[in-house]
>>> print(open('entry20.csv').read())   # CSV, C-alpha atoms
chain,number,residue,atom,x,y,z
A,1,MET,CA,0.0,0.0,0.0
A,2,LYS,CA,1.4,3.4,-1.0
A,3,LYS,CA,1.8,6.2,1.6
A,4,LEU,CA,-0.6,9.1,1.2
A,5,PHE,CA,0.0,12.8,2.1
A,6,ILE,CA,-3.0,14.9,3.1
A,7,ILE,CA,-1.9,18.4,3.4
A,8,GLY,CA,-4.1,21.3,4.6
A,9,ASN,CA,-3.0,24.7,3.4
A,10,TRP,CA,-4.9,27.3,5.4
A,11,LYS,CA,-3.4,30.2,3.5
A,12,SER,CA,-4.2,33.6,5.1
A,13,ASN,CA,-7.0,32.4,7.3
A,14,GLU,CA,-7.8,31.6,10.9
A,15,THR,CA,-7.2,33.2,14.3
A,16,THR,CA,-6.4,31.6,17.6
A,17,PRO,CA,-10.0,31.1,18.7
A,18,GLU,CA,-10.9,29.6,15.4
A,19,VAL,CA,-8.0,27.2,15.5
A,20,GLU,CA,-8.9,26.0,19.0
A,21,LYS,CA,-12.4,25.3,17.7
A,22,TRP,CA,-11.1,23.5,14.6
A,23,PHE,CA,-8.9,21.2,16.7
A,24,THR,CA,-11.8,20.4,19.1
A,25,GLU,CA,-13.9,19.4,16.1
A,26,ILE,CA,-11.1,17.4,14.4
A,27,THR,CA,-10.4,15.6,17.7
A,28,ASN,CA,-14.1,14.7,18.1
A,29,ALA,CA,-14.0,13.1,14.6
A,30,GLN,CA,-11.9,10.3,16.2
A,31,LEU,CA,-9.7,9.8,13.3
A,32,ALA,CA,-7.7,6.5,13.2
A,33,PHE,CA,-5.0,5.9,10.7
A,34,LYS,CA,-1.5,4.4,10.5
A,35,ILE,CA,1.3,7.0,10.3
A,36,ASP,CA,3.1,4.9,7.7
A,37,GLU,CA,0.0,4.9,5.5
A,38,LYS,CA,-1.2,8.5,5.8
A,39,GLN,CA,0.8,11.6,6.7
A,40,VAL,CA,-1.5,14.5,7.6
A,41,VAL,CA,0.3,17.9,7.5
A,42,ILE,CA,-1.4,21.2,8.7
A,43,CYS,CA,0.1,24.4,7.1
A,44,PRO,CA,-1.3,27.4,9.0
A,45,PRO,CA,-0.1,31.1,8.8
A,46,PHE,CA,3.1,31.9,10.5
A,47,THR,CA,1.2,33.5,13.4
A,48,LEU,CA,-0.4,30.1,14.3
A,49,LEU,CA,2.6,27.7,13.8
A,50,SER,CA,3.3,27.6,17.6
A,51,LYS,CA,-0.4,27.2,18.5
A,52,VAL,CA,-1.0,24.4,16.0
A,53,LYS,CA,2.0,22.5,17.2
A,54,GLU,CA,0.8,23.0,20.8
A,55,LEU,CA,-2.7,21.7,20.0
A,56,ILE,CA,-1.4,18.7,18.0
A,57,ASN,CA,0.7,17.6,21.0
A,58,GLN,CA,-2.0,18.5,23.6
A,59,LYS,CA,-4.6,16.4,21.8
A,60,ASN,CA,-2.2,13.6,20.8
A,61,LEU,CA,-2.9,13.8,17.1
A,62,SER,CA,-0.8,12.0,14.5
A,63,PHE,CA,-0.4,15.3,12.5
A,64,SER,CA,2.7,17.2,11.4
A,65,VAL,CA,3.1,20.9,11.0
A,66,GLY,CA,4.1,22.7,7.8
A,67,ALA,CA,4.9,26.3,7.0
A,68,GLN,CA,3.5,28.1,4.0
A,69,ASP,CA,6.7,29.8,2.9
A,70,ILE,CA,10.3,30.3,3.8
A,71,SER,CA,12.9,33.0,3.5
A,72,PRO,CA,15.5,32.6,0.7
A,73,PHE,CA,17.9,34.2,3.2
A,74,GLY,CA,19.4,33.1,6.5
A,75,GLN,CA,19.4,35.0,9.8
A,76,GLY,CA,19.9,38.7,9.5
A,77,ALA,CA,18.5,42.1,8.4
A,78,TYR,CA,15.6,40.7,6.3
A,79,THR,CA,12.5,42.5,7.7
A,80,GLY,CA,9.4,40.5,7.4
A,81,GLU,CA,11.1,37.2,6.6
A,82,GLU,CA,11.1,33.9,8.6
A,83,ASN,CA,14.3,31.9,8.1
A,84,VAL,CA,14.7,28.1,8.2
A,85,ASN,CA,15.9,27.9,11.8
A,86,GLN,CA,12.9,29.9,13.0
A,87,ILE,CA,10.5,27.7,11.1
A,88,LYS,CA,12.2,24.5,12.2
A,89,GLU,CA,11.2,25.3,15.8
A,90,PHE,CA,7.6,24.5,14.9
A,91,ALA,CA,7.4,22.7,11.5
A,92,ASP,CA,8.8,19.7,9.6
A,93,TYR,CA,7.5,20.7,6.2
A,94,VAL,CA,7.3,23.9,4.1
A,95,ILE,CA,5.3,24.7,1.0
A,96,VAL,CA,7.5,26.3,-1.7
A,97,GLY,CA,6.6,27.7,-5.1
A,98,HIS,CA,2.8,27.9,-4.7
A,99,SER,CA,1.1,29.5,-7.7
A,100,GLU,CA,-0.2,32.3,-5.4
A,101,ARG,CA,3.3,33.2,-4.4
A,102,ARG,CA,4.4,33.2,-8.0
A,103,LYS,CA,1.5,35.3,-9.1
A,104,ASN,CA,0.9,37.7,-6.2
A,105,PHE,CA,4.5,38.1,-5.1
A,106,SER,CA,6.3,37.7,-8.4
A,107,GLU,CA,8.5,34.8,-7.1
A,108,THR,CA,10.8,33.6,-9.9
A,109,ASN,CA,12.3,30.1,-10.4
A,110,GLU,CA,15.6,31.5,-9.0
A,111,ILE,CA,14.0,32.8,-5.8
A,112,ILE,CA,12.1,29.5,-5.4
A,113,SER,CA,15.2,27.5,-5.9
A,114,GLN,CA,17.0,29.5,-3.2
A,115,LYS,CA,14.1,28.8,-0.8
A,116,VAL,CA,14.3,25.1,-1.6
A,117,ARG,CA,18.1,25.1,-0.8
A,118,LYS,CA,17.5,26.8,2.5
A,119,ALA,CA,14.8,24.3,3.4
A,120,ILE,CA,16.9,21.3,2.6
A,121,GLU,CA,20.0,22.6,4.3
A,122,GLY,CA,17.9,23.2,7.5
A,123,ASN,CA,16.3,19.7,7.3
A,124,LEU,CA,12.8,21.0,6.4
A,125,LYS,CA,11.0,18.9,3.8
A,126,PRO,CA,9.8,21.1,0.9
A,127,ILE,CA,6.4,20.5,-0.7
A,128,PHE,CA,7.2,21.8,-4.1
A,129,CYS,CA,4.3,23.2,-6.1
A,130,VAL,CA,4.2,23.0,-9.9
A,131,GLN,CA,1.6,24.0,-12.4
A,132,GLY,CA,2.5,21.4,-15.0
A,133,VAL,CA,5.2,19.1,-16.3
A,134,GLU,CA,7.1,22.1,-17.7
A,135,THR,CA,7.8,23.7,-14.3
A,136,PRO,CA,11.5,23.1,-13.4
A,137,ILE,CA,12.0,21.1,-10.3
A,138,PRO,CA,15.1,21.7,-8.2
A,139,GLN,CA,17.4,18.9,-7.0
A,140,GLY,CA,16.6,17.2,-3.8
A,141,ILE,CA,12.8,17.4,-4.0
A,142,GLU,CA,10.9,14.4,-2.8
A,143,ILE,CA,7.3,15.8,-2.7
A,144,VAL,CA,5.7,17.6,-5.6
A,145,ALA,CA,2.2,19.1,-5.6
A,146,TYR,CA,0.6,19.5,-9.0
A,147,GLU,CA,-1.8,22.4,-8.8
A,148,PRO,CA,-3.2,23.6,-12.1
A,149,VAL,CA,-4.0,27.3,-11.9
A,150,SER,CA,-7.4,26.8,-13.4
A,151,ALA,CA,-8.4,24.6,-10.5
A,152,ILE,CA,-7.2,26.7,-7.5
A,153,GLY,CA,-10.1,28.3,-5.7
A,154,THR,CA,-12.4,27.9,-8.7
A,155,GLY,CA,-14.4,24.8,-7.6
A,156,LYS,CA,-13.4,23.2,-10.9
A,157,PRO,CA,-10.8,20.5,-10.3
A,158,ASP,CA,-8.7,19.0,-12.9
A,159,THR,CA,-9.8,15.6,-14.3
A,160,PRO,CA,-8.4,12.5,-12.6
A,161,GLU,CA,-7.1,11.4,-16.0
A,162,ASP,CA,-5.1,14.5,-16.5
A,163,ALA,CA,-3.8,14.5,-12.9
A,164,GLU,CA,-2.6,10.9,-13.3
A,165,ASN,CA,-0.9,11.7,-16.6
A,166,VAL,CA,0.9,14.8,-15.1
A,167,ALA,CA,1.9,12.9,-12.0
A,168,ARG,CA,3.3,10.0,-14.0
A,169,ILE,CA,5.4,12.3,-16.3
A,170,ILE,CA,6.7,14.3,-13.3
A,171,LYS,CA,7.9,11.0,-11.7
A,172,GLU,CA,9.5,9.7,-14.8
A,173,LYS,CA,11.1,13.0,-15.8
A,174,ASN,CA,12.4,14.0,-12.4
A,175,GLY,CA,12.7,10.9,-10.2
A,176,VAL,CA,10.3,12.4,-7.6
A,177,GLN,CA,9.0,9.9,-5.0
A,178,PHE,CA,5.7,11.5,-4.2
A,179,VAL,CA,3.4,13.6,-6.4
A,180,LEU,CA,0.2,15.1,-4.9
A,181,TYR,CA,-2.8,16.7,-6.6
A,182,GLY,CA,-4.0,20.2,-5.4
A,183,GLY,CA,-6.9,22.3,-6.7
A,184,SER,CA,-10.5,22.4,-5.6
A,185,VAL,CA,-10.1,19.1,-3.6
A,186,THR,CA,-13.2,18.3,-1.6
A,187,ASP,CA,-14.5,15.5,0.6
A,188,GLU,CA,-16.6,14.3,-2.4
A,189,ASN,CA,-13.8,14.1,-5.0
A,190,VAL,CA,-10.7,13.2,-3.0
A,191,THR,CA,-11.0,9.5,-3.6
A,192,ASP,CA,-11.0,10.1,-7.4
A,193,PHE,CA,-7.5,11.4,-7.0
A,194,THR,CA,-5.9,9.4,-4.2
A,195,LYS,CA,-6.9,6.1,-5.9
A,196,LEU,CA,-4.8,7.0,-9.0
A,197,PRO,CA,-1.6,4.9,-9.3
A,198,SER,CA,0.7,7.9,-9.7
A,199,VAL,CA,-0.9,10.3,-7.2
A,200,ASP,CA,0.3,10.0,-3.6
A,201,GLY,CA,-2.1,12.4,-1.9
A,202,VAL,CA,-3.7,15.8,-2.0
A,203,LEU,CA,-2.9,19.5,-1.2
A,204,VAL,CA,-6.2,20.8,0.2
A,205,GLY,CA,-7.1,24.5,0.4
A,206,GLY,CA,-10.5,25.8,1.3
A,207,ALA,CA,-11.9,22.4,2.4
A,208,SER,CA,-9.1,22.1,5.0
A,209,LEU,CA,-10.6,25.1,6.9
A,210,ASP,CA,-13.7,23.0,7.7
A,211,ALA,CA,-12.8,20.4,10.3
A,212,GLU,CA,-15.7,18.1,9.5
A,213,LYS,CA,-14.9,18.2,5.7
A,214,PHE,CA,-11.2,17.7,6.3
A,215,SER,CA,-11.8,14.8,8.6
A,216,ILE,CA,-13.8,13.1,5.8
A,217,ILE,CA,-11.1,13.9,3.3
A,218,ILE,CA,-8.6,12.1,5.6
A,219,LYS,CA,-11.0,9.1,6.0
A,220,ASN,CA,-11.8,8.9,2.3
A,221,SER,CA,-8.1,9.2,1.1
>>> encode(input="entry20.csv", output="structure tokens")
Amino acid sequence: MKKLFIIGNWKSNETTPEVEKWFTEITNAQLAFKIDEKQVVICPPFTLLSKVKELINQKNLSFSVGAQDISPFGQGAYTGEENVNQIKEFADYVIVGHSERRKNFSETNEIISQKVRKAIEGNLKPIFCVQGVETPIPQGIEIVAYEPVSAIGTGKPDTPEDAENVARIIKEKNGVQFVLYGGSVTDENVTDFTKLPSVDGVLVGGASLDAEKFSIIIKNS
């Protein structure tokens, strides 16, 4: 049986009271899964990394923490940036190269590659986002998330057939171990993607903010 990654990207959402409510609800769902079969990663905003880690430990959940971004620089005079050592205090994973970062913050392949290097040097596992088979993938990447721009936040996911084809090509072309699908993933369509031979999980956006829906996504994966 292949290992599946279920990654919740909360983007710029949630406050401390909302997070506490979310974790109460997710705990009440009484999820049961083997860590070697499913890896659940919660990626909150930077302001909530500490709280999310605290609640995971407090409620004894088999979840990991991921950050949504990382500085391409180290420690120093880089106002507004969070470097790898700061992130590593709370997280084991980090999303790099998300299409929203490329579009809204003009991140280039060079900047993204610098972020990947910093993450790997600091023993963080990058979740590297691509928009198709043409996106260059830096050395050392083990987890790739395929997220077609047309499917992000639109409610119109890619077809399972296309997701399978892209995932297979990415693996063959780059030797990547895990390829995830991201883009309008819901509790209703998640199985359509996780059952595919070349797809090893999902990167979930909006649906991960709803604890009930996210718990169903985990169960149905």
>>> residues_around(input="entry20.csv", residues="Glu188 (chain A)", least_positions_apart="2", cutoff="9 Å", atoms="only C-alpha atoms", output="list in words")
Val185, Thr186, Val190, Thr191, Asp192, Ile216, Ile217 and Asn220 of chain A
>>> atom_distance(input="entry20.csv", atom1="CA of Glu37 (chain A)", atom2="CA of Leu4 (chain A)")
6.0 Å
>>> residues_around(input="entry20.csv", residues="region 129-140 of chain A", least_positions_apart="4", cutoff="8 Å", atoms="only C-alpha atoms", output="PyMOL selection string")
chain A and resi 95-99+109+113+116+120+144-149+166+169-170+174
>>> residues_around(input="entry20.csv", residues="Ile42 (chain A)", least_positions_apart="2", cutoff="9 Å", atoms="all atoms listed in the file", output="ChimeraX atom specification")
/A:6-10,40,44,52,63-67,208
>>> atom_distance(input="entry20.csv", atom1="CA of Ala119 (chain A)", atom2="CA of Val84 (chain A)")
6.1 Å
>>> closest_residue(input="entry20.csv", among="A:Ala32, A:Lys53, A:Pro72, A:Phe178", to="Glu110 (chain A)", atoms="all atoms listed in the file")
A:Pro72
>>> axis_aligned_box(input="entry20.csv", around="region 48-55 of chain A", padding_each_side="6 Å", output="JSON")
{"center_x": 0.3, "center_y": 25.9, "center_z": 17.3, "size_x": 18.0, "size_y": 20.4, "size_z": 19.0}
>>> atom_distance(input="entry20.csv", atom1="CA of Val41 (chain A)", atom2="CA of Asn60 (chain A)")
14.2 Å
>>> residues_around(input="entry20.csv", residues="region 158-163 of chain A", least_positions_apart="5", cutoff="7 Å", atoms="all atoms listed in the file", output="PyMOL selection string")
chain A and resi 151+181+192-193
>>> closest_residue(input="entry20.csv", among="A:Leu49, A:Ala167, A:Cys43, A:Leu55", to="Ile127 (chain A)", atoms="all atoms listed in the file")
A:Cys43
>>> closest_residue(input="entry20.csv", among="A:Arg168, A:Arg117, A:Lys11, A:Lys21", to="Phe46 (chain A)", atoms="only C-alpha atoms")
A:Lys11
>>> closest_residue(input="entry20.csv", among="A:Ser71, A:Pro17, A:Glu164, A:Gly201", to="Lys51 (chain A)", atoms="only C-alpha atoms")
A:Pro17
>>> closest_residue(input="entry20.csv", among="A:Ile56, A:Ile152, A:Ala91, A:Met1", to="Ile70 (chain A)", atoms="only C-alpha atoms")
A:Ala91
>>> closest_residue(input="entry20.csv", among="A:Ser198, A:Asn57, A:Ser184, A:Asn189", to="Glu172 (chain A)", atoms="all atoms listed in the file")
A:Ser198
>>> residues_around(input="entry20.csv", residues="Ala211 (chain A)", least_positions_apart="2", cutoff="7 Å", atoms="all atoms listed in the file", output="PyMOL selection string")
chain A and resi 22+25-26+208-209+213-215
